[in-house]
>>> print(open('upload00.cif').read())   # mmCIF, C-alpha atoms
data_structure
loop_
_atom_site.label_atom_id
_atom_site.label_comp_id
_atom_site.auth_asym_id
_atom_site.auth_seq_id
_atom_site.Cartn_x
_atom_site.Cartn_y
_atom_site.Cartn_z
CA MET A 15 3.21 -9.71 14.90
CA ASN A 16 2.91 -11.37 11.48
CA LYS A 17 5.46 -9.41 9.47
CA LYS A 18 4.95 -11.40 6.27
CA TYR A 19 1.45 -10.07 5.78
CA LEU A 20 2.39 -6.65 7.15
CA TYR A 21 4.90 -6.36 4.32
CA ILE A 22 2.25 -7.36 1.77
CA LEU A 23 -0.13 -4.74 3.15
CA SER A 24 2.68 -2.19 3.19
CA THR A 25 3.39 -2.92 -0.48
CA GLY A 26 -0.29 -2.44 -1.24
CA HIS A 27 -0.13 0.86 0.64
CA LEU A 28 2.80 1.87 -1.55
CA SER A 29 0.82 1.00 -4.68
CA VAL A 30 -2.03 3.27 -3.58
CA ASP A 31 -0.05 6.23 -2.30
CA ILE A 32 2.46 6.32 -5.14
CA ASN A 33 -0.45 7.63 -7.21
CA SER A 34 -1.38 10.29 -4.65
CA GLY A 35 2.31 11.14 -4.26
CA SER A 36 2.75 11.52 -8.00
CA LEU A 37 -0.15 13.91 -8.44
CA PRO A 38 1.53 17.03 -6.92
CA ALA A 39 4.59 16.43 -9.13
CA ILE A 40 2.35 16.15 -12.20
CA LEU A 41 0.63 19.47 -11.40
CA PRO A 42 3.48 21.68 -12.73
CA PHE A 43 3.28 19.76 -16.02
CA PHE A 44 -0.44 20.54 -16.19
CA VAL A 45 0.55 24.20 -15.83
CA SER A 46 3.20 24.05 -18.56
CA GLU A 47 1.30 21.75 -20.95
CA TYR A 48 -2.28 22.98 -20.51
CA GLY A 49 -1.86 26.49 -19.06
CA MET A 50 -3.73 25.82 -15.81
CA ASP A 51 -3.64 28.51 -13.10
CA TYR A 52 -3.19 28.09 -9.33
CA THR A 53 -6.93 27.80 -8.73
CA SER A 54 -7.25 25.00 -11.29
CA ILE A 55 -4.29 23.17 -9.79
CA ALA A 56 -5.74 23.45 -6.29
CA GLY A 57 -9.05 22.24 -7.74
CA LEU A 58 -7.42 18.97 -8.77
CA MET A 59 -6.17 18.46 -5.22
CA PHE A 60 -9.75 19.16 -4.14
CA ALA A 61 -10.98 16.55 -6.62
CA SER A 62 -8.71 13.90 -5.13
CA SER A 63 -10.01 14.64 -1.65
CA PHE A 64 -13.60 15.92 -1.51
CA LEU A 65 -15.69 12.84 -2.30
CA SER A 66 -13.04 10.65 -0.69
CA SER A 67 -13.36 12.52 2.60
CA ILE A 68 -17.13 12.06 2.59
CA ILE A 69 -17.20 8.32 1.90
CA GLN A 70 -14.05 7.35 3.81
CA PRO A 71 -15.85 6.96 7.18
CA LEU A 72 -18.49 4.86 5.40
CA PHE A 73 -15.87 2.36 4.23
CA GLY A 74 -14.40 2.39 7.73
CA TRP A 75 -17.83 1.58 9.16
CA LEU A 76 -18.22 -1.25 6.63
CA ALA A 77 -14.78 -2.57 7.63
CA ASP A 78 -15.98 -2.78 11.26
CA LYS A 79 -19.08 -4.74 10.21
CA GLY A 80 -17.18 -7.60 8.63
CA SER A 81 -14.07 -8.77 6.84
CA ARG A 82 -13.78 -7.23 3.37
CA GLN A 83 -10.19 -7.81 2.34
CA TRP A 84 -11.16 -7.47 -1.32
CA PHE A 85 -11.62 -3.74 -0.68
CA MET A 86 -7.83 -3.43 -0.67
CA GLY A 87 -7.35 -4.92 -4.15
CA LEU A 88 -10.21 -2.81 -5.53
CA GLY A 89 -8.72 0.36 -4.06
CA VAL A 90 -5.30 -0.30 -5.61
CA LEU A 91 -6.85 -0.98 -9.01
CA MET A 92 -9.00 2.18 -9.02
CA THR A 93 -6.22 4.55 -7.97
CA GLY A 94 -3.72 3.29 -10.54
CA LEU A 95 -6.05 3.13 -13.55
CA SER A 96 -7.57 6.55 -12.87
CA LEU A 97 -4.21 8.33 -12.56
CA ALA A 98 -3.03 6.58 -15.73
CA LEU A 99 -6.02 8.10 -17.53
CA THR A 100 -4.92 11.68 -16.76
CA GLY A 101 -2.12 11.38 -19.29
CA PHE A 102 -4.50 10.47 -22.11
CA VAL A 103 -7.09 13.27 -21.79
CA THR A 104 -6.60 17.02 -22.09
CA ASP A 105 -10.00 18.31 -21.01
CA TYR A 106 -9.84 19.78 -17.49
CA TRP A 107 -13.09 18.23 -16.30
CA SER A 108 -12.09 14.80 -17.60
CA ILE A 109 -8.87 15.06 -15.60
CA PHE A 110 -10.92 16.31 -12.64
CA ALA A 111 -13.18 13.23 -12.85
CA ALA A 112 -10.23 10.81 -13.11
CA VAL A 113 -8.52 12.36 -10.08
CA THR A 114 -11.81 12.11 -8.17
CA ILE A 115 -11.98 8.37 -8.87
CA MET A 116 -8.37 8.06 -7.72
CA GLY A 117 -9.37 9.60 -4.38
CA ILE A 118 -12.29 7.18 -4.04
CA GLY A 119 -9.97 4.23 -4.62
CA SER A 120 -7.69 5.49 -1.89
CA SER A 121 -10.63 5.81 0.52
CA ILE A 122 -11.62 2.20 -0.18
CA PHE A 123 -8.14 0.84 0.56
CA HIS A 124 -7.06 2.69 3.71
CA PRO A 125 -9.69 1.74 6.34
CA GLU A 126 -9.60 -1.98 5.53
CA GLY A 127 -5.82 -1.97 5.26
CA ALA A 128 -5.34 -0.24 8.61
CA ARG A 129 -7.93 -2.47 10.29
CA ASN A 130 -6.02 -5.58 9.20
CA VAL A 131 -2.72 -4.07 10.35
CA ASN A 132 -4.23 -3.36 13.77
CA ALA A 133 -5.27 -7.01 14.04
CA ILE A 134 -2.05 -8.55 12.72
CA ALA A 135 0.31 -6.31 14.73
CA GLY A 136 -0.74 -7.77 18.08
CA THR A 137 0.54 -5.72 21.02
CA ARG A 138 3.17 -3.82 18.97
CA LYS A 139 0.64 -1.68 17.14
CA GLY A 140 2.91 1.35 16.84
CA GLN A 141 5.62 -0.69 15.12
CA GLY A 142 3.08 -2.53 12.98
CA MET A 143 1.45 0.69 11.84
CA SER A 144 4.87 2.20 11.12
CA ILE A 145 5.71 -0.74 8.81
CA PHE A 146 2.40 -0.26 7.03
CA SER A 147 2.96 3.50 6.87
CA VAL A 148 6.43 3.07 5.36
CA GLY A 149 4.75 1.78 2.21
CA GLY A 150 2.64 4.93 1.99
CA ASN A 151 5.61 7.19 2.70
CA ALA A 152 7.69 5.39 0.08
CA GLY A 153 4.85 5.93 -2.38
CA PHE A 154 4.76 9.63 -1.65
CA GLY A 155 8.56 9.74 -1.79
CA PHE A 156 9.18 7.93 -5.05
CA GLY A 157 5.94 9.14 -6.65
CA PRO A 158 7.27 12.59 -7.62
CA LEU A 159 10.54 11.12 -8.95
CA LEU A 160 8.63 8.51 -10.92
CA ALA A 161 6.20 11.07 -12.32
CA VAL A 162 8.96 13.41 -13.48
CA PHE A 163 10.88 10.52 -15.06
CA LEU A 164 7.84 9.10 -16.85
CA ILE A 165 6.59 12.41 -18.22
CA THR A 166 9.97 13.82 -19.24
CA THR A 167 10.87 10.52 -20.93
CA PHE A 168 7.59 9.42 -22.50
CA GLY A 169 5.44 12.53 -22.38
CA MET A 170 2.08 12.73 -20.62
CA LYS A 171 1.19 9.21 -21.82
CA GLY A 172 3.93 7.87 -19.55
CA THR A 173 1.26 7.79 -16.84
CA ALA A 174 0.16 4.45 -18.33
CA PHE A 175 2.79 2.88 -16.06
CA TYR A 176 0.55 3.50 -13.05
CA GLY A 177 -2.21 1.42 -14.62
CA PHE A 178 0.06 -1.54 -15.34
CA THR A 179 1.49 -1.67 -11.82
CA ALA A 180 -1.99 -1.32 -10.30
CA ILE A 181 -3.24 -4.38 -12.19
CA ILE A 182 -0.30 -6.47 -10.93
CA MET A 183 -0.54 -5.38 -7.28
CA SER A 184 -4.31 -5.61 -7.07
CA SER A 185 -4.14 -9.19 -8.40
CA LEU A 186 -1.66 -10.07 -5.65
CA LEU A 187 -3.90 -8.59 -2.97
CA PHE A 188 -6.97 -10.42 -4.27
CA LEU A 189 -5.04 -13.71 -4.12
CA ALA A 190 -3.62 -13.01 -0.65
CA ALA A 191 -6.92 -11.81 0.86
CA PRO A 192 -8.00 -15.19 2.35
CA SER A 193 -4.60 -15.73 4.00
CA ILE A 194 -4.59 -12.19 5.42
CA ARG A 195 -8.06 -12.80 6.87
CA ARG A 196 -6.91 -16.00 8.59
CA ALA A 197 -3.75 -14.31 9.93
CA ALA A 198 -5.78 -11.43 11.38
CA GLU A 199 -8.18 -13.81 13.09
CA ALA A 200 -5.35 -15.94 14.48
CA SER A 201 -3.67 -12.82 15.88
CA ARG A 202 -6.89 -11.74 17.60
CA ILE A 203 -7.32 -15.17 19.21
CA ALA A 204 -3.69 -15.26 20.36
CA SER A 205 -3.97 -11.75 21.80
CA GLN A 206 -7.08 -12.68 23.78
CA GLN A 207 -5.46 -15.83 25.15
CA ASP A 208 -2.37 -13.87 26.29
CA ARG A 209 -4.40 -11.35 28.30
CA PRO A 210 -4.42 -12.00 32.06
CA VAL A 211 -7.86 -12.43 33.55
CA GLY A 212 -9.15 -9.28 35.19
CA SER A 213 -6.55 -7.05 33.57
CA ALA A 214 -7.37 -3.69 32.00
CA ALA A 215 -6.68 -5.18 28.57
CA ALA A 216 -9.37 -7.76 29.20
CA SER A 217 -11.99 -5.16 30.08
CA PRO A 218 -14.72 -4.31 27.56
CA GLN A 219 -13.59 -1.97 24.81
CA GLN A 220 -15.06 1.54 24.88
CA ASN A 221 -15.21 4.48 22.49
CA ASP A 222 -14.03 7.88 23.76
CA TRP A 223 -15.75 10.17 21.28
CA ALA A 224 -14.79 13.39 23.10
CA ALA A 225 -11.09 12.58 22.84
CA PHE A 226 -11.50 11.50 19.23
CA GLY A 227 -13.21 14.82 18.47
CA ARG A 228 -10.12 16.67 19.74
CA LEU A 229 -7.92 14.42 17.62
CA PHE A 230 -10.10 15.23 14.61
CA LEU A 231 -9.29 18.93 15.13
CA VAL A 232 -5.58 18.07 14.99
CA ILE A 233 -6.22 16.00 11.85
CA VAL A 234 -7.92 18.94 10.09
CA PHE A 235 -5.00 21.30 10.76
CA ARG A 236 -2.37 18.65 10.03
CA SER A 237 -4.06 17.52 6.83
CA THR A 238 -4.39 21.10 5.59
CA ALA A 239 -0.73 21.85 6.30
CA PHE A 240 0.44 18.54 4.79
CA THR A 241 -1.62 18.90 1.60
CA ALA A 242 -0.72 22.57 1.22
CA ILE A 243 3.00 21.79 1.51
CA SER A 244 2.63 19.02 -1.09
CA SER A 245 0.74 21.37 -3.43
CA PHE A 246 2.65 24.62 -3.05
CA LEU A 247 6.21 23.85 -1.92
CA PRO A 248 7.38 22.77 -5.43
CA LEU A 249 5.63 25.78 -6.98
CA PHE A 250 7.15 28.07 -4.32
CA CYS A 251 10.63 26.81 -5.19
CA ILE A 252 9.97 27.22 -8.91
CA GLN A 253 8.06 30.52 -8.98
CA SER A 254 9.68 32.37 -6.07
CA LEU A 255 13.17 30.87 -5.74
CA GLY A 256 13.89 30.21 -9.43
CA ALA A 257 14.31 26.43 -9.22
CA THR A 258 13.62 24.12 -12.15
CA PRO A 259 10.46 21.93 -12.12
CA ALA A 260 12.61 18.85 -11.45
CA ILE A 261 14.30 20.46 -8.43
CA GLY A 262 10.98 21.77 -7.16
CA SER A 263 9.44 18.30 -7.31
CA ALA A 264 12.55 16.83 -5.66
CA THR A 265 11.67 18.64 -2.42
CA LEU A 266 8.65 16.36 -1.94
CA SER A 267 10.72 13.31 -2.81
CA ILE A 268 13.33 14.12 -0.17
CA ILE A 269 10.66 14.71 2.47
CA SER A 270 8.97 11.40 1.71
CA ILE A 271 12.08 9.25 1.20
CA VAL A 272 13.56 10.44 4.50
CA GLY A 273 10.05 9.90 5.85
CA VAL A 274 10.54 6.14 5.48
CA LEU A 275 13.13 6.25 8.26
CA ALA A 276 11.16 8.89 10.16
CA THR A 277 8.06 6.70 10.19
CA LEU A 278 9.96 3.69 11.57
CA VAL A 279 11.57 5.84 14.25
CA GLY A 280 8.20 7.39 15.03
CA GLY A 281 6.55 3.98 15.45
CA TRP A 282 9.33 2.86 17.79
CA LEU A 283 9.04 6.13 19.75
CA ALA A 284 5.24 5.89 19.96
CA ASP A 285 5.36 2.42 21.54
CA ARG A 286 7.85 3.65 24.15
CA LYS A 287 7.05 7.33 24.81
CA GLY A 288 3.35 7.36 24.08
CA TYR A 289 1.22 8.28 21.09
CA VAL A 290 0.21 11.73 22.34
CA HIS A 291 3.76 12.87 23.06
CA THR A 292 5.09 11.59 19.75
CA LEU A 293 2.36 13.41 17.84
CA ARG A 294 2.96 16.60 19.81
CA TYR A 295 6.74 16.55 19.24
CA GLY A 296 6.30 16.24 15.48
CA CYS A 297 3.70 18.99 15.14
CA CYS A 298 5.75 21.41 17.21
CA LEU A 299 8.92 20.70 15.20
CA LEU A 300 7.19 21.57 11.92
CA VAL A 301 6.55 25.20 12.94
CA PRO A 302 10.16 26.51 13.04
CA CYS A 303 11.03 24.51 9.92
CA LEU A 304 8.26 26.20 7.94
CA ALA A 305 9.28 29.58 9.35
CA VAL A 306 12.75 29.16 7.80
CA VAL A 307 11.25 28.04 4.47
CA ALA A 308 8.80 30.94 4.32
CA PHE A 309 11.15 33.76 5.34
CA ALA A 310 14.67 32.75 4.27
CA HIS A 311 13.91 33.10 0.51
CA ASN A 312 16.83 30.84 -0.32
CA ILE A 313 16.63 27.47 -2.04
CA TRP A 314 19.49 26.10 0.07
CA ALA A 315 17.67 27.05 3.26
CA VAL A 316 14.64 25.15 1.98
CA PHE A 317 16.71 22.04 1.31
CA ALA A 318 18.35 22.33 4.73
CA MET A 319 14.90 22.14 6.32
CA LEU A 320 13.64 19.14 4.32
CA ILE A 321 15.05 16.44 6.63
CA PRO A 322 13.71 17.92 9.89
CA MET A 323 10.43 18.67 8.10
CA SER A 324 10.26 15.03 7.07
CA PHE A 325 10.63 13.89 10.69
CA ALA A 326 8.03 16.46 11.75
CA MET A 327 5.51 15.42 9.09
CA GLN A 328 6.08 11.66 8.85
CA GLY A 329 7.39 10.71 12.29
CA PRO A 330 4.01 11.00 14.08
CA TYR A 331 2.17 9.14 11.30
CA ALA A 332 1.77 5.82 13.11
CA ALA A 333 1.19 7.60 16.42
CA PHE A 334 -1.94 9.49 15.43
CA VAL A 335 -3.44 6.52 13.56
CA VAL A 336 -3.01 4.16 16.54
CA LEU A 337 -4.11 6.97 18.87
CA GLY A 338 -7.38 7.23 16.95
CA GLN A 339 -7.80 3.46 17.09
CA SER A 340 -7.19 3.62 20.86
CA TYR A 341 -9.81 6.33 21.36
CA LEU A 342 -12.35 4.31 19.33
CA ALA A 343 -11.39 0.80 20.48
CA LYS A 344 -14.78 -0.60 19.44
CA SER A 345 -14.68 1.00 15.98
CA VAL A 346 -11.14 0.47 14.72
CA GLY A 347 -12.15 0.50 11.04
CA PHE A 348 -14.05 3.78 11.38
CA ALA A 349 -11.16 5.33 13.33
CA SER A 350 -8.74 4.15 10.63
CA GLY A 351 -10.89 5.66 7.90
CA VAL A 352 -10.86 9.04 9.60
CA THR A 353 -7.23 9.13 10.80
CA LEU A 354 -5.38 7.28 8.05
CA GLY A 355 -7.51 8.38 5.10
CA LEU A 356 -8.79 11.81 6.07
CA SER A 357 -5.33 12.83 7.23
CA PHE A 358 -4.74 13.58 3.55
CA SER A 359 -8.15 14.09 1.99
CA MET A 360 -9.49 16.67 4.45
CA GLY A 361 -6.73 19.05 3.48
CA GLY A 362 -7.73 18.75 -0.17
CA ILE A 363 -11.09 20.33 0.64
CA ILE A 364 -9.45 23.41 2.13
CA VAL A 365 -6.49 23.77 -0.23
CA PRO A 366 -8.54 25.29 -3.13
CA SER A 367 -9.13 28.34 -0.93
CA LEU A 368 -5.35 28.55 -0.49
CA GLY A 369 -5.04 28.39 -4.28
CA TRP A 370 -7.37 31.39 -4.54
CA TYR A 371 -5.27 33.14 -1.89
CA ALA A 372 -2.09 32.40 -3.86
CA ASP A 373 -3.62 33.74 -7.09
CA HIS A 374 -4.56 37.02 -5.37
CA PHE A 375 -1.67 37.57 -2.92
CA GLY A 376 1.18 35.50 -4.31
CA ILE A 377 2.93 32.23 -3.55
CA ASN A 378 5.05 33.81 -0.78
CA ALA A 379 1.96 34.90 1.12
CA VAL A 380 0.43 31.43 0.99
CA MET A 381 3.59 29.92 2.52
CA VAL A 382 3.17 32.26 5.51
CA LEU A 383 -0.46 31.15 5.78
CA ILE A 384 0.67 27.49 5.83
CA LEU A 385 3.02 28.38 8.70
CA ILE A 386 0.07 29.78 10.68
CA ILE A 387 -1.94 26.61 10.05
CA ALA A 388 0.96 24.47 11.29
CA ALA A 389 1.14 26.57 14.47
CA CYS A 390 -2.58 25.96 15.07
CA CYS A 391 -1.99 22.22 14.62
CA ALA A 392 0.79 22.23 17.20
CA ALA A 393 -1.40 24.11 19.68
CA ALA A 394 -4.27 21.66 19.18
CA THR A 395 -2.11 18.68 20.21
CA PHE A 396 -2.03 20.04 23.77
CA LEU A 397 -5.78 19.35 23.99
CA LEU A 398 -5.32 15.59 23.50
CA PRO A 399 -5.80 13.31 26.53
CA GLN A 400 -3.96 10.05 27.06
CA PRO A 401 -5.93 6.97 25.92
CA LYS A 402 -7.96 5.41 28.74
CA ARG A 403 -6.56 1.97 27.91
CA SER A 404 -3.20 1.14 26.30
#
>>> encode(input="upload00.cif", output="structure tokens")
Amino acid sequence: MNKKYLYILSTGHLSVDINSGSLPAILPFFVSEYGMDYTSIAGLMFASSFLSSIIQPLFGWLADKGSRQWFMGLGVLMTGLSLALTGFVTDYWSIFAAVTIMGIGSSIFHPEGARNVNAIAGTRKGQGMSIFSVGGNAGFGFGPLLAVFLITTFGMKGTAFYGFTAIIMSSLLFLAAPSIRRAAEASRIASQQDRPVGSAAASPQQNDWAAFGRLFLVIVFRSTAFTAISSFLPLFCIQSLGATPAIGSATLSIISIVGVLATLVGGWLADRKGYVHTLRYGCCLLVPCLAVVAFAHNIWAVFAMLIPMSFAMQGPYAAFVVLGQSYLAKSVGFASGVTLGLSFSMGGIIVPSLGWYADHFGINAVMVLILIIAACCAAATFLLPQPKRS
């Protein structure tokens, strides 16, 4: 496992997802500065996800057709510059368009990034994917803190910081792309040479589309619950529990920062206990945590649940990505595009309907609905078969 390039890819992952992680924390400022309602806020989450979810499998398919490491640098650049733009325009549809471009940039980066991680990680794919995922989790963790700091210190134009950092990181990825390509190829050759003749690992790779279809059902429920929590948990704390915007946004930061450790533990657990079991444990743990959040009506109860929620949400991250790659062993890039990318963007398509529900029935009611969705996700994990080949 070539950790040097894994760390570079993980840093690129951080540069992409710090933008996506910052967006939910910026939403309350759109409410206070521009008077947006819940439906408009949910619409921005939709903007970051809709087109991205459609084209993400396409970029995964292109990743399977040939090496395109430059996709990663382009994705970082697009996400950072587009989020930076949201602080310089006040028209809702201009912000909507910028957030849409941010989602497209994310969809360009993730399949190619995950495909390279799969190649570089060798036989320790769970650990390799967890290192890569730590960058994304750190982005989602520090994103809300960074957004609150930038906007409270410099106003809405503080989002320019995202553009500057994107230019620096994308330049690094463009320069490192040839070396990453050579490292991935060397890892593939070494892995093939280490396989014993006649072993299961040496058998032709096959795609198990039926199993992947069941995993996709889990992804839809998980993505909806994850995106809904990111969108509505800060607003729930602010509107229902009386917390300040900074404290409300801090809930997402705690979940994601603790998620750095949770992802590493989850990758270690997935390599030892199996991808299906690790995914199932996490999804089942989320249900009682959300029940406490939805029904306790106490800010301290919410904060008490943030650490176990983080392990439930972030711990299985590497497991379900590698599980998808195992089901579609011949189409790793496509599987990465669906699992790694759509795990966030699919929820953005459904969340606007939850915004409508919140506008009509209240923020408390939508938290109960999120609990029901999480329970459906946990139930769906019991439909998953073990991969036919490890």
>>> closest_residue(input="upload00.cif", among="A:Val90, A:Val316, A:Leu354, A:Ile364", to="Phe64 of chain A", atoms="all atoms listed in the file")
A:Ile364
>>> residues_around(input="upload00.cif", residues="Gly288 of chain A", least_positions_apart="5", cutoff="10 Å", atoms="all atoms listed in the file", output="list of chain:residue names")
A:Gly140, A:Gly281, A:Trp282, A:Leu283, A:Leu293, A:Ala333, A:Leu337, A:Gln400, A:Pro401, A:Ser404
>>> residues_around(input="upload00.cif", residues="segment 56-58 of chain A", least_positions_apart="4", cutoff="9 Å", atoms="only C-alpha atoms", output="PyMOL selection string")
chain A and resi 37+41+51-52+62-63+109-110+113-114+245+362-363+365-370
>>> closest_atom_pairs(input="upload00.cif", of="segment 344-383 of chain A", to="segment 223-230 of chain A", cutoff="9 Å", atoms="only C-alpha atoms", output="tab-separated table")
residue	atom	partner	partner_atom	distance
A:Ala349	CA	A:Phe226	CA	8.5
A:Val352	CA	A:Phe230	CA	8.0
A:Thr353	CA	A:Phe230	CA	7.7
>>> closest_residue(input="upload00.cif", among="A:Val45, A:Leu91, A:Tyr289, A:Asn312", to="Ala180 of chain A", atoms="all atoms listed in the file")
A:Leu91
>>> resolve_selection(input="upload00.cif", expression="the PyMOL selection byres ((chain A and resi 327) around 9)", output="list in words")
Arg236, Phe240, Ile269, Gly273, Ala276, Gly296, Cys297, Leu299, Leu300, Pro322, Met323, Ser324, Phe325, Ala326, Gln328, Gly329, Pro330 and Tyr331 of chain A
>>> resolve_selection(input="upload00.cif", expression="the PyMOL selection byres ((chain A and resi 386) around 12)", output="list in words")
Phe235, Arg236, Thr238, Ala239, Ala242, Leu300, Val301, Pro302, Leu304, Ala305, Ala308, Ala379, Val380, Met381, Val382, Leu383, Ile384, Leu385, Ile387, Ala388, Ala389, Cys390, Cys391, Ala392 and Ala393 of chain A
>>> resolve_selection(input="upload00.cif", expression="the PyMOL selection byres ((chain A and resi 151) around 12)", output="PyMOL selection string")
chain A and resi 24-36+143-150+152-158+266-278+324-325+327-329+331-332
>>> atom_distance(input="upload00.cif", atom1="atom CA of Ala112 of chain A", atom2="atom CA of Phe44 of chain A")
14.1 Å
>>> residues_around(input="upload00.cif", residues="Ser46 of chain A", least_positions_apart="3", cutoff="12 Å", atoms="only C-alpha atoms", output="list of chain:residue names")
A:Ile40, A:Leu41, A:Pro42, A:Phe43, A:Gly49, A:Met50, A:Asp51, A:Tyr52, A:Ile55, A:Met170, A:Leu249, A:Pro259
>>> atom_distance(input="upload00.cif", atom1="atom CA of Met319 of chain A", atom2="atom CA of Gln141 of chain A")
26.2 Å
>>> residues_near_point(input="upload00.cif", point="(12.5, 31.9, -0.5)", cutoff="12 Å", atoms="only C-alpha atoms", output="NGL selection string")
:A and (247-257 or 304-317 or 377-379 or 381-382)
>>> write_last_selection(input="upload00.cif", atoms="C-alpha atoms", output="compact mmCIF listing (two decimals), keeping the file's coordinate frame")
# COMPACT_ATOMS: atom_id res chain seq x y z
CA LEU A 247 6.21 23.85 -1.92
CA PRO A 248 7.38 22.77 -5.43
CA LEU A 249 5.63 25.78 -6.98
CA PHE A 250 7.15 28.07 -4.32
CA CYS A 251 10.63 26.81 -5.19
CA ILE A 252 9.97 27.22 -8.91
CA GLN A 253 8.06 30.52 -8.98
CA SER A 254 9.68 32.37 -6.07
CA LEU A 255 13.17 30.87 -5.74
CA GLY A 256 13.89 30.21 -9.43
CA ALA A 257 14.31 26.43 -9.22
CA LEU A 304 8.26 26.20 7.94
CA ALA A 305 9.28 29.58 9.35
CA VAL A 306 12.75 29.16 7.80
CA VAL A 307 11.25 28.04 4.47
CA ALA A 308 8.80 30.94 4.32
CA PHE A 309 11.15 33.76 5.34
CA ALA A 310 14.67 32.75 4.27
CA HIS A 311 13.91 33.10 0.51
CA ASN A 312 16.83 30.84 -0.32
CA ILE A 313 16.63 27.47 -2.04
CA TRP A 314 19.49 26.10 0.07
CA ALA A 315 17.67 27.05 3.26
CA VAL A 316 14.64 25.15 1.98
CA PHE A 317 16.71 22.04 1.31
CA ILE A 377 2.93 32.23 -3.55
CA ASN A 378 5.05 33.81 -0.78
CA ALA A 379 1.96 34.90 1.12
CA MET A 381 3.59 29.92 2.52
CA VAL A 382 3.17 32.26 5.51
>>> atom_distance(input="upload00.cif", atom1="atom CA of Ala111 of chain A", atom2="atom CA of Ser54 of chain A")
13.3 Å
>>> closest_residue(input="upload00.cif", among="A:Gly101, A:Gly94, A:Gly338, A:Gly169", to="Ile182 of chain A", atoms="only C-alpha atoms")
A:Gly94
